[in-house]
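Asks: Structure file model24.cif (mmCIF, C-alpha atoms and all ligand atoms) is given on the next line.
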```
data_upload
#
loop_
_atom_site.group_PDB
_atom_site.id
_atom_site.type_symbol
_atom_site.label_atom_id
_atom_site.label_comp_id
_atom_site.auth_asym_id
_atom_site.auth_seq_id
_atom_site.Cartn_x
_atom_site.Cartn_y
_atom_site.Cartn_z
ATOM 1 C CA MET A 1 -20.621 4.126 35.779
ATOM 2 C CA THR A 2 -17.673 3.636 33.538
ATOM 3 C CA VAL A 3 -14.640 5.796 33.892
ATOM 4 C CA ASP A 4 -14.022 8.103 30.939
ATOM 5 C CA SER A 5 -11.324 6.676 28.734
ATOM 6 C CA GLU A 6 -9.801 8.106 25.591
ATOM 7 C CA PRO A 7 -12.420 8.588 22.864
ATOM 8 C CA GLN A 8 -12.568 5.492 20.694
ATOM 9 C CA LEU A 9 -11.851 6.157 17.060
ATOM 10 C CA PRO A 10 -13.811 4.101 14.518
ATOM 11 C CA ILE A 11 -11.804 1.387 12.811
ATOM 12 C CA LEU A 12 -11.971 1.876 9.045
ATOM 13 C CA LEU A 13 -9.450 -0.464 7.501
ATOM 14 C CA GLU A 14 -7.880 -3.633 8.863
ATOM 15 C CA LEU A 15 -5.340 -5.871 7.168
ATOM 16 C CA THR A 16 -4.647 -9.273 8.690
ATOM 17 C CA LYS A 17 -1.695 -11.423 7.633
ATOM 18 C CA VAL A 18 -1.605 -10.011 4.126
ATOM 19 C CA SER A 19 1.052 -11.596 1.898
ATOM 20 C CA LYS A 20 2.030 -10.980 -1.709
ATOM 21 C CA TYR A 21 4.697 -12.682 -3.791
ATOM 22 C CA PHE A 22 5.934 -11.710 -7.237
ATOM 23 C CA GLY A 23 7.379 -14.968 -8.513
ATOM 24 C CA GLY A 24 10.046 -15.770 -5.939
ATOM 25 C CA VAL A 25 10.133 -12.232 -4.547
ATOM 26 C CA ARG A 26 8.461 -11.771 -1.188
ATOM 27 C CA ALA A 27 6.952 -8.305 -1.472
ATOM 28 C CA LEU A 28 4.744 -8.604 1.645
ATOM 29 C CA HIS A 29 4.703 -11.269 4.320
ATOM 30 C CA GLU A 30 1.834 -11.610 6.796
ATOM 31 C CA VAL A 31 1.417 -7.881 7.337
ATOM 32 C CA ASP A 32 -1.151 -6.642 9.853
ATOM 33 C CA MET A 33 -2.184 -3.011 9.742
ATOM 34 C CA SER A 34 -5.154 -0.984 10.927
ATOM 35 C CA VAL A 35 -6.322 2.521 10.139
ATOM 36 C CA TYR A 36 -8.767 4.414 12.328
ATOM 37 C CA GLY A 37 -10.883 7.424 11.416
ATOM 38 C CA GLY A 38 -9.275 10.691 12.485
ATOM 39 C CA GLU A 39 -5.712 9.442 12.521
ATOM 40 C CA VAL A 40 -2.689 9.621 10.278
ATOM 41 C CA VAL A 41 -0.668 6.436 9.824
ATOM 42 C CA ALA A 42 2.756 6.782 8.244
ATOM 43 C CA LEU A 43 4.064 3.824 6.295
ATOM 44 C CA VAL A 44 7.845 3.838 6.180
ATOM 45 C CA GLY A 45 10.601 1.511 5.048
ATOM 46 C CA ASP A 46 13.629 1.328 2.831
ATOM 47 C CA ASN A 47 13.449 0.927 -0.935
ATOM 48 C CA GLY A 48 11.835 -2.398 -1.761
ATOM 49 C CA ALA A 49 10.303 -2.787 1.738
ATOM 50 C CA GLY A 50 6.834 -3.360 0.292
ATOM 51 C CA LYS A 51 5.140 0.015 0.834
ATOM 52 C CA SER A 52 3.887 0.470 -2.723
ATOM 53 C CA THR A 53 2.764 -3.142 -2.874
ATOM 54 C CA LEU A 54 0.702 -2.648 0.267
ATOM 55 C CA VAL A 55 -0.816 0.534 -1.139
ATOM 56 C CA LYS A 56 -1.615 -1.191 -4.428
ATOM 57 C CA ILE A 57 -3.392 -3.961 -2.540
ATOM 58 C CA VAL A 58 -5.626 -1.606 -0.595
ATOM 59 C CA SER A 59 -6.228 0.465 -3.745
ATOM 60 C CA GLY A 60 -7.451 -2.564 -5.675
ATOM 61 C CA VAL A 61 -4.545 -2.470 -8.139
ATOM 62 C CA GLU A 62 -3.032 -5.758 -6.924
ATOM 63 C CA SER A 63 -4.728 -8.568 -5.051
ATOM 64 C CA PRO A 64 -3.111 -10.266 -2.059
ATOM 65 C CA ASP A 65 -2.078 -13.919 -2.282
ATOM 66 C CA THR A 66 -3.293 -14.565 1.250
ATOM 67 C CA GLY A 67 -4.689 -12.588 4.152
ATOM 68 C CA GLU A 68 -7.827 -10.678 4.933
ATOM 69 C CA ILE A 69 -8.890 -7.091 4.398
ATOM 70 C CA ARG A 70 -11.783 -5.632 6.365
ATOM 71 C CA VAL A 71 -13.396 -2.289 5.736
ATOM 72 C CA ARG A 72 -15.417 -0.954 8.696
ATOM 73 C CA GLY A 73 -15.381 -4.446 10.188
ATOM 74 C CA GLU A 74 -16.669 -6.241 7.067
ATOM 75 C CA THR A 75 -14.533 -8.486 4.896
ATOM 76 C CA ALA A 76 -13.874 -6.699 1.633
ATOM 77 C CA ARG A 77 -12.671 -7.862 -1.746
ATOM 78 C CA LEU A 78 -10.886 -4.941 -3.318
ATOM 79 C CA GLU A 79 -10.665 -6.451 -6.770
ATOM 80 C CA SER A 80 -10.290 -3.237 -8.731
ATOM 81 C CA PRO A 81 -9.629 0.454 -8.125
ATOM 82 C CA ARG A 82 -13.367 0.983 -8.598
ATOM 83 C CA ALA A 83 -14.167 -1.595 -5.898
ATOM 84 C CA ALA A 84 -11.709 0.103 -3.535
ATOM 85 C CA ALA A 85 -13.228 3.522 -4.282
ATOM 86 C CA GLU A 86 -16.724 2.153 -3.680
ATOM 87 C CA ALA A 87 -15.510 0.776 -0.351
ATOM 88 C CA GLY A 88 -14.415 4.319 0.509
ATOM 89 C CA ILE A 89 -10.675 4.036 -0.114
ATOM 90 C CA ARG A 90 -9.007 6.550 -2.427
ATOM 91 C CA THR A 91 -5.340 6.811 -3.284
ATOM 92 C CA VAL A 92 -3.237 9.663 -4.560
ATOM 93 C CA PHE A 93 -0.327 8.036 -6.363
ATOM 94 C CA GLN A 94 3.035 9.712 -6.522
ATOM 95 C CA ASP A 95 2.732 10.728 -10.166
ATOM 96 C CA LEU A 96 -0.571 12.505 -9.260
ATOM 97 C CA SER A 97 -2.007 11.540 -12.689
ATOM 98 C CA LEU A 98 -3.047 15.105 -13.461
ATOM 99 C CA CYS A 99 -3.657 16.188 -17.049
ATOM 100 C CA ASP A 100 -1.402 19.195 -17.520
ATOM 101 C CA ASN A 101 -3.438 20.814 -20.293
ATOM 102 C CA LEU A 102 -6.719 20.641 -18.344
ATOM 103 C CA ASP A 103 -7.788 23.106 -15.647
ATOM 104 C CA ALA A 104 -8.409 22.392 -11.955
ATOM 105 C CA VAL A 105 -12.122 21.639 -12.353
ATOM 106 C CA GLN A 106 -11.553 19.294 -15.288
ATOM 107 C CA ASN A 107 -8.842 17.491 -13.339
ATOM 108 C CA LEU A 108 -10.939 17.210 -10.179
ATOM 109 C CA PHE A 109 -13.736 15.493 -12.086
ATOM 110 C CA LEU A 110 -11.664 13.510 -14.550
ATOM 111 C CA GLY A 111 -13.541 10.257 -15.048
ATOM 112 C CA GLN A 112 -16.266 11.337 -12.591
ATOM 113 C CA GLU A 113 -17.868 14.222 -14.535
ATOM 114 C CA HIS A 114 -21.394 15.362 -13.773
ATOM 115 C CA CYS A 115 -23.269 14.802 -17.014
ATOM 116 C CA GLY A 116 -26.717 15.969 -18.030
ATOM 117 C CA PRO A 117 -29.468 13.586 -19.117
ATOM 118 C CA VAL A 118 -29.254 11.508 -22.277
ATOM 119 C CA TRP A 119 -31.712 13.791 -24.157
ATOM 120 C CA SER A 120 -29.295 16.697 -23.750
ATOM 121 C CA GLY A 121 -26.447 14.661 -25.216
ATOM 122 C CA ARG A 122 -25.026 14.087 -21.697
ATOM 123 C CA ARG A 123 -23.330 17.472 -21.766
ATOM 124 C CA VAL A 124 -20.971 17.920 -18.891
ATOM 125 C CA ARG A 125 -22.481 20.226 -16.266
ATOM 126 C CA ARG A 126 -19.643 22.636 -15.799
ATOM 127 C CA HIS A 127 -21.400 25.001 -13.392
ATOM 128 C CA LEU A 128 -22.287 22.174 -10.990
ATOM 129 C CA MET A 129 -18.741 20.912 -11.097
ATOM 130 C CA GLU A 130 -17.354 24.398 -10.447
ATOM 131 C CA GLU A 131 -19.536 24.776 -7.374
ATOM 132 C CA GLN A 132 -18.484 21.431 -5.983
ATOM 133 C CA ALA A 133 -14.843 22.134 -6.857
ATOM 134 C CA GLN A 134 -14.977 25.386 -4.865
ATOM 135 C CA ARG A 135 -16.434 23.530 -1.887
ATOM 136 C CA VAL A 136 -13.871 20.731 -1.913
ATOM 137 C CA LEU A 137 -10.925 23.091 -2.446
ATOM 138 C CA ALA A 138 -12.184 25.325 0.360
ATOM 139 C CA SER A 139 -12.617 22.338 2.698
ATOM 140 C CA LEU A 140 -8.861 21.787 2.534
ATOM 141 C CA SER A 141 -8.011 25.483 2.117
ATOM 142 C CA VAL A 142 -6.361 24.868 -1.255
ATOM 143 C CA LYS A 143 -5.963 28.310 -2.783
ATOM 144 C CA LEU A 144 -6.008 28.756 -6.548
ATOM 145 C CA ARG A 145 -6.152 32.102 -8.309
ATOM 146 C CA SER A 146 -8.259 30.688 -11.077
ATOM 147 C CA LEU A 147 -10.161 27.482 -11.712
ATOM 148 C CA THR A 148 -9.622 27.813 -15.455
ATOM 149 C CA THR A 149 -5.811 27.851 -15.606
ATOM 150 C CA PRO A 150 -4.254 24.665 -16.997
ATOM 151 C CA VAL A 151 -2.723 22.852 -14.018
ATOM 152 C CA VAL A 152 0.694 22.776 -15.697
ATOM 153 C CA ALA A 153 1.042 26.409 -14.568
ATOM 154 C CA LEU A 154 0.463 25.626 -10.873
ATOM 155 C CA SER A 155 2.995 25.030 -8.095
ATOM 156 C CA GLY A 156 3.880 21.532 -6.873
ATOM 157 C CA GLY A 157 1.929 22.135 -3.665
ATOM 158 C CA GLN A 158 -1.153 23.293 -5.558
ATOM 159 C CA ARG A 159 -0.944 20.270 -7.859
ATOM 160 C CA GLN A 160 -0.743 17.953 -4.862
ATOM 161 C CA GLY A 161 -3.725 19.827 -3.407
ATOM 162 C CA ILE A 162 -5.760 19.244 -6.571
ATOM 163 C CA ALA A 163 -4.823 15.564 -6.652
ATOM 164 C CA ILE A 164 -5.919 15.174 -3.009
ATOM 165 C CA CYS A 165 -9.152 17.093 -3.662
ATOM 166 C CA ARG A 166 -9.866 14.838 -6.619
ATOM 167 C CA ALA A 167 -9.696 11.880 -4.238
ATOM 168 C CA LEU A 168 -12.176 13.702 -1.958
ATOM 169 C CA ILE A 169 -14.880 14.187 -4.602
ATOM 170 C CA SER A 170 -16.361 10.807 -3.660
ATOM 171 C CA ASP A 171 -16.032 11.567 0.091
ATOM 172 C CA PRO A 172 -13.812 8.577 0.958
ATOM 173 C CA ALA A 173 -13.310 7.355 4.516
ATOM 174 C CA VAL A 174 -9.653 6.478 3.904
ATOM 175 C CA VAL A 175 -7.193 8.536 1.876
ATOM 176 C CA ILE A 176 -3.791 7.123 0.957
ATOM 177 C CA LEU A 177 -1.001 9.450 -0.098
ATOM 178 C CA ASP A 178 2.144 8.107 -1.736
ATOM 179 C CA GLU A 179 5.104 10.412 -1.048
ATOM 180 C CA PRO A 180 2.996 13.585 -1.013
ATOM 181 C CA THR A 181 5.880 15.867 -0.051
ATOM 182 C CA ALA A 182 8.621 14.434 -2.256
ATOM 183 C CA ALA A 183 10.058 17.036 -4.618
ATOM 184 C CA LEU A 184 8.412 19.977 -2.852
ATOM 185 C CA GLY A 185 10.108 23.067 -1.456
ATOM 186 C CA VAL A 186 9.911 23.929 2.237
ATOM 187 C CA SER A 187 6.824 26.152 2.168
ATOM 188 C CA GLN A 188 4.905 23.885 -0.195
ATOM 189 C CA ARG A 189 5.768 20.944 2.020
ATOM 190 C CA GLY A 190 4.236 22.833 4.930
ATOM 191 C CA GLU A 191 1.092 23.417 2.870
ATOM 192 C CA VAL A 192 0.739 19.714 2.124
ATOM 193 C CA LEU A 193 1.306 18.747 5.766
ATOM 194 C CA ASP A 194 -1.485 21.195 6.647
ATOM 195 C CA LEU A 195 -3.732 19.448 4.114
ATOM 196 C CA ILE A 196 -3.012 16.143 5.828
ATOM 197 C CA HIS A 197 -3.983 17.634 9.201
ATOM 198 C CA ARG A 198 -7.265 18.822 7.705
ATOM 199 C CA LEU A 199 -8.050 15.373 6.302
ATOM 200 C CA ARG A 200 -7.584 14.013 9.791
ATOM 201 C CA GLU A 201 -9.772 16.753 11.297
ATOM 202 C CA GLN A 202 -12.479 15.717 8.848
ATOM 203 C CA GLY A 203 -12.416 12.316 10.549
ATOM 204 C CA ARG A 204 -10.861 10.450 7.654
ATOM 205 C CA GLY A 205 -8.235 7.772 8.069
ATOM 206 C CA VAL A 206 -5.050 8.891 6.341
ATOM 207 C CA VAL A 207 -2.140 6.684 5.274
ATOM 208 C CA VAL A 208 1.003 8.514 4.216
ATOM 209 C CA ILE A 209 4.023 6.882 2.628
ATOM 210 C CA SER A 210 7.104 8.950 3.244
ATOM 211 C CA HIS A 211 10.862 8.739 3.161
ATOM 212 C CA ASP A 212 11.115 12.023 5.035
ATOM 213 C CA MET A 213 11.432 11.292 8.735
ATOM 214 C CA LYS A 214 10.870 14.950 9.661
ATOM 215 C CA ASP A 215 7.499 14.868 7.906
ATOM 216 C CA VAL A 216 6.670 11.559 9.552
ATOM 217 C CA ARG A 217 7.384 12.905 13.027
ATOM 218 C CA GLN A 218 5.362 16.004 12.336
ATOM 219 C CA VAL A 219 2.279 14.413 10.844
ATOM 220 C CA ALA A 220 1.896 10.790 11.987
ATOM 221 C CA ASP A 221 -0.145 9.575 14.950
ATOM 222 C CA ARG A 222 1.240 6.105 14.327
ATOM 223 C CA VAL A 223 4.177 4.840 12.281
ATOM 224 C CA VAL A 224 4.242 1.390 10.697
ATOM 225 C CA VAL A 225 7.698 0.209 9.643
ATOM 226 C CA LEU A 226 8.135 -2.372 6.883
ATOM 227 C CA ARG A 227 11.378 -4.159 6.116
ATOM 228 C CA LEU A 228 11.818 -6.755 3.379
ATOM 229 C CA GLY A 229 8.070 -7.244 3.192
ATOM 230 C CA SER A 230 7.409 -7.700 6.911
ATOM 231 C CA LYS A 231 6.059 -5.297 9.488
ATOM 232 C CA VAL A 232 8.942 -4.965 11.922
ATOM 233 C CA ALA A 233 7.763 -2.161 14.195
ATOM 234 C CA GLU A 234 4.910 0.155 15.028
ATOM 235 C CA PHE A 235 5.290 3.349 17.053
ATOM 236 C CA ARG A 236 2.815 5.820 18.513
ATOM 237 C CA ARG A 237 3.377 9.563 18.245
ATOM 238 C CA GLY A 238 5.965 10.717 20.729
ATOM 239 C CA ALA A 239 6.973 7.164 21.675
ATOM 240 C CA TYR A 240 10.018 6.844 19.435
ATOM 241 C CA THR A 241 13.241 8.598 18.564
ATOM 242 C CA PRO A 242 14.600 9.178 15.060
ATOM 243 C CA SER A 243 17.146 6.446 15.687
ATOM 244 C CA ASP A 244 14.366 3.977 16.675
ATOM 245 C CA LEU A 245 12.915 4.506 13.211
ATOM 246 C CA VAL A 246 16.218 4.130 11.418
ATOM 247 C CA SER A 247 17.127 0.952 13.337
ATOM 248 C CA ALA A 248 13.745 -0.592 12.575
ATOM 249 C CA MET A 249 14.008 0.294 8.884
ATOM 250 C CA THR A 250 17.546 -0.976 8.448
ATOM 251 C CA GLY A 251 17.480 -3.857 10.905
ATOM 252 C CA ALA A 252 20.512 -2.378 12.669
ATOM 253 C CA ASP A 253 19.306 -3.662 16.041
ATOM 254 C CA GLU A 254 19.201 -7.250 14.939
ATOM 255 C CA SER A 255 22.504 -7.294 13.131
ATOM 256 C CA THR A 256 24.303 -6.032 16.239
ATOM 257 C CA ASN A 257 22.710 -8.853 18.254
ATOM 258 C CA ASP A 258 23.777 -11.556 15.824
HETATM 259 N N1 LIG B 301 5.224 -6.030 -10.319
HETATM 260 C C1 LIG B 301 6.282 -6.555 -9.672
HETATM 261 N N2 LIG B 301 6.947 -7.619 -10.202
HETATM 262 C C2 LIG B 301 7.999 -8.172 -9.548
HETATM 263 N N3 LIG B 301 8.490 -7.716 -8.371
HETATM 264 C C3 LIG B 301 7.882 -6.656 -7.817
HETATM 265 C C4 LIG B 301 6.750 -6.008 -8.440
HETATM 266 N N4 LIG B 301 6.358 -4.985 -7.652
HETATM 267 C C5 LIG B 301 7.187 -4.980 -6.593
HETATM 268 N N5 LIG B 301 8.100 -5.975 -6.691
HETATM 269 C C6 LIG B 301 9.162 -6.296 -5.704
HETATM 270 O O1 LIG B 301 8.546 -6.346 -4.432
HETATM 271 C C7 LIG B 301 9.372 -5.757 -3.432
HETATM 272 C C8 LIG B 301 8.616 -4.632 -2.753
HETATM 273 O O2 LIG B 301 8.473 -3.553 -3.688
HETATM 274 P P1 LIG B 301 7.686 -2.208 -3.395
HETATM 275 O O3 LIG B 301 7.630 -1.448 -4.668
HETATM 276 O O4 LIG B 301 6.407 -2.542 -2.731
HETATM 277 O O5 LIG B 301 8.665 -1.484 -2.355
HETATM 278 P P2 LIG B 301 8.612 0.012 -1.794
HETATM 279 O O6 LIG B 301 8.682 -0.117 -0.312
HETATM 280 O O7 LIG B 301 7.463 0.732 -2.365
HETATM 281 O O8 LIG B 301 9.992 0.614 -2.309
HETATM 282 P P3 LIG B 301 10.353 2.112 -2.799
HETATM 283 O O9 LIG B 301 10.651 2.880 -1.549
HETATM 284 O O10 LIG B 301 11.585 1.892 -3.601
HETATM 285 O O11 LIG B 301 9.214 2.644 -3.580
HETATM 286 C C9 LIG B 301 10.647 -5.330 -4.163
HETATM 287 O O12 LIG B 301 11.589 -6.353 -3.991
HETATM 288 C C10 LIG B 301 10.200 -5.199 -5.591
HETATM 289 O O13 LIG B 301 11.292 -5.428 -6.455
HETATM 290 MG MG MG B 302 7.314 2.404 -3.621
#
```
If you convert what's in this file into structure tokens, what do you get?
Ligand SMILES: Nc1ncnc2c1ncn2[C@@H]1O[C@H](COP(=O)(O)OP(=O)(O)OP(=O)(O)O)[C@@H](O)[C@H]1O
Ligand SMILES: [Mg+2]

Replies:
Amino acid sequence: MTVDSEPQLPILLELTKVSKYFGGVRALHEVDMSVYGGEVVALVGDNGAGKSTLVKIVSGVESPDTGEIRVRGETARLESPRAAAEAGIRTVFQDLSLCDNLDAVQNLFLGQEHCGPVWSGRRVRRHLMEEQAQRVLASLSVKLRSLTTPVVALSGGQRQGIAICRALISDPAVVILDEPTAALGVSQRGEVLDLIHRLREQGRGVVVISHDMKDVRQVADRVVVLRLGSKVAEFRRGAYTPSDLVSAMTGADESTND
């Protein structure tokens, strides 16, 4: 009989020694990172640390110069955003890419509309999309008064909610959020942190880029710290202090040892 240990979470995404150079600029250098289902990994680091580059690589926007990416244990070539989405990785970029003049349903299905058969002129099936929209919004408890209001009229938290729900339409295993709470007020920030908890409860792997250390402490099971393109530290929830994070991000520890 084996002794009960902590439940093993499934590994979804694994980066091994991933490097990326832009000309002479070292954006990422031999970075290892893993993401398990049912956990939130925060990716932190100063400006220029390489966070966006890493996200672009796992979103299929940029390809690494060297290194390996595995999705659910299998080597994956994420050559395009479509390839990344097909591998089950969806990203919500900071600009959210919502169309202000379109309503929530139109935004949720932008580029992934349900269309009828060719003989009907491939008319978009609005009622099917509305039903699915209701389901996805409800799964994250995103509350909208109306599905037909142009999204320009919605709050920042609701817009973030729609952008996250759009990523969920294809039921991805891994969801990456770039600065999801930046530019939000206190209560809306709380709403978005709740959304992140629900993604984790759904068993997804969640990667959150954030500059807000309060958010990171609240939401992250694990924190990966990048500095000048390298991974310099990794902390588990509860196993670090705010000053541990700051020293890792700025390299303060090392400079005092010089
Ligand atoms: N397309 C590019 N061409 C040239 N250099 C780039 C390009 N993209 C990123 N870099 C450089 O790579 C490094 C890492 O940039 P990256 O955008 O990944 O950092 P970041 O951690 O996301 O920073 P921030 O917090 O400011 O968003 C920086 O030195 C940046 O100038
Ligand atoms: Mg960035």

Asks: Quick one: residues within 8 Å of Gly156 in chain A, all atoms listed in the file, excluding same-chain residues fewer than 2 positions away - as a PyMOL selection string?

Replies: chain A and resi 154+158-160+183-184+188

Asks: Identify which of the residues A:Gly73, A:Gly24, A:Gly38, A:Gly48 lies closest to ligand LIG 301 (chain B), counting all atoms listed in the file when measuring atom-to-atom distances.

Replies: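 Closest to ligand LIG 301 (chain B) of all the choices is A:Gly48.
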
Asks: I'd like to know which of A:Lys51, A:Arg90, A:Arg26, A:Arg72 is closest to ligand MG 302 (chain B), using all atoms listed in the file.

Replies: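 Looking only at the distances to ligand MG 302 (chain B), the closest residue turns out to be A:Lys51.
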
Asks: Counting all atoms listed in the file, what are the residues of chain A within 9 Å of ligand LIG 301 (chain B), and for each of them which pair of atoms is the nearest and at what distance in Å, to one decimal? Sort the table by chain and rising number, as a Markdown table.

Replies:
```
| residue | atom | partner | partner_atom | distance |
| --- | --- | --- | --- | --- |
| A:Lys20 | CA | B:LIG301 | O1 | 8.4 |
| A:Tyr21 | CA | B:LIG301 | O1 | 7.4 |
| A:Phe22 | CA | B:LIG301 | C2 | 4.7 |
| A:Gly23 | CA | B:LIG301 | C2 | 6.9 |
| A:Gly24 | CA | B:LIG301 | N3 | 8.6 |
| A:Val25 | CA | B:LIG301 | O12 | 6.1 |
| A:Arg26 | CA | B:LIG301 | O1 | 6.3 |
| A:Ala27 | CA | B:LIG301 | O1 | 3.9 |
| A:Leu28 | CA | B:LIG301 | C8 | 7.1 |
| A:Leu43 | CA | B:LIG301 | O6 | 9.0 |
| A:Val44 | CA | B:LIG301 | O6 | 7.6 |
| A:Gly45 | CA | B:LIG301 | O6 | 5.9 |
| A:Asp46 | CA | B:LIG301 | O9 | 5.5 |
| A:Asn47 | CA | B:LIG301 | O10 | 3.4 |
| A:Gly48 | CA | B:LIG301 | O5 | 3.4 |
| A:Ala49 | CA | B:LIG301 | O6 | 3.7 |
| A:Gly50 | CA | B:LIG301 | O4 | 3.2 |
| A:Lys51 | CA | B:LIG301 | O6 | 3.7 |
| A:Ser52 | CA | B:LIG301 | O7 | 3.6 |
| A:Thr53 | CA | B:LIG301 | O4 | 3.7 |
| A:Leu54 | CA | B:LIG301 | O4 | 6.4 |
| A:Val55 | CA | B:LIG301 | O4 | 8.0 |
| A:Lys56 | CA | B:LIG301 | O4 | 8.3 |
| A:Glu62 | CA | B:LIG301 | N1 | 8.9 |
| A:Ile209 | CA | B:LIG301 | O7 | 8.6 |
| A:Ser210 | CA | B:LIG301 | O9 | 8.5 |
| A:His211 | CA | B:LIG301 | O9 | 7.5 |
| A:Leu226 | CA | B:LIG301 | O6 | 7.6 |
| A:Arg227 | CA | B:LIG301 | O6 | 8.1 |
| A:Leu228 | CA | B:LIG301 | C8 | 7.2 |
| A:Gly229 | CA | B:LIG301 | C8 | 6.5 |
```

Asks: Have a look at CA of Glu39 in chain A and CA of Leu78 in chain A and let me know their distance in Å, one decimal.

Replies: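 Separation between CA of Glu39 in chain A and CA of Leu78 in chain A: 22.0 Å.
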
Asks: List the residues matched by the PyMOL selection byres (((chain A and resi 172) around 6) and not hetatm) in the displayed structure as a list in words, ordered by chain and then by residue number.

Replies: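 Listing what the PyMOL selection byres (((chain A and resi 172) around 6) and not hetatm) selects in the shown file: Gly88, Ile89, Ser170, Asp171, Ala173 and Val174 of chain A.
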
Asks: Next, the residues of the selection above should be written as a compact mmCIF listing (two decimals), keeping the file's coordinate frame with C-alpha atoms.

Replies:
```txt
# COMPACT_ATOMS: atom_id res chain seq x y z
CA GLY A 88 -14.42 4.32 0.51
CA ILE A 89 -10.68 4.04 -0.11
CA SER A 170 -16.36 10.81 -3.66
CA ASP A 171 -16.03 11.57 0.09
CA ALA A 173 -13.31 7.36 4.52
CA VAL A 174 -9.65 6.48 3.90
```

Asks: Show which residues sit within 10 Å of range 143-145 of chain A, as a PyMOL selection string. Count all atoms listed in the file, and ignore same-chain residues fewer than 5 positions away.

Replies: chain A and resi 104+134+137-138+154-155+158-159+161-162

Asks: Restricting it to C-alpha atoms, dump the selection as an mmCIF file, in the coordinates of the input.

Replies:
```cif
data_model
loop_
_atom_site.group_PDB
_atom_site.id
_atom_site.type_symbol
_atom_site.label_atom_id
_atom_site.label_comp_id
_atom_site.auth_asym_id
_atom_site.auth_seq_id
_atom_site.Cartn_x
_atom_site.Cartn_y
_atom_site.Cartn_z
ATOM 1 C CA ALA A 104 -8.409 22.392 -11.955
ATOM 2 C CA GLN A 134 -14.977 25.386 -4.865
ATOM 3 C CA LEU A 137 -10.925 23.091 -2.446
ATOM 4 C CA ALA A 138 -12.184 25.325 0.360
ATOM 5 C CA LEU A 154 0.463 25.626 -10.873
ATOM 6 C CA SER A 155 2.995 25.030 -8.095
ATOM 7 C CA GLN A 158 -1.153 23.293 -5.558
ATOM 8 C CA ARG A 159 -0.944 20.270 -7.859
ATOM 9 C CA GLY A 161 -3.725 19.827 -3.407
ATOM 10 C CA ILE A 162 -5.760 19.244 -6.571
#
```
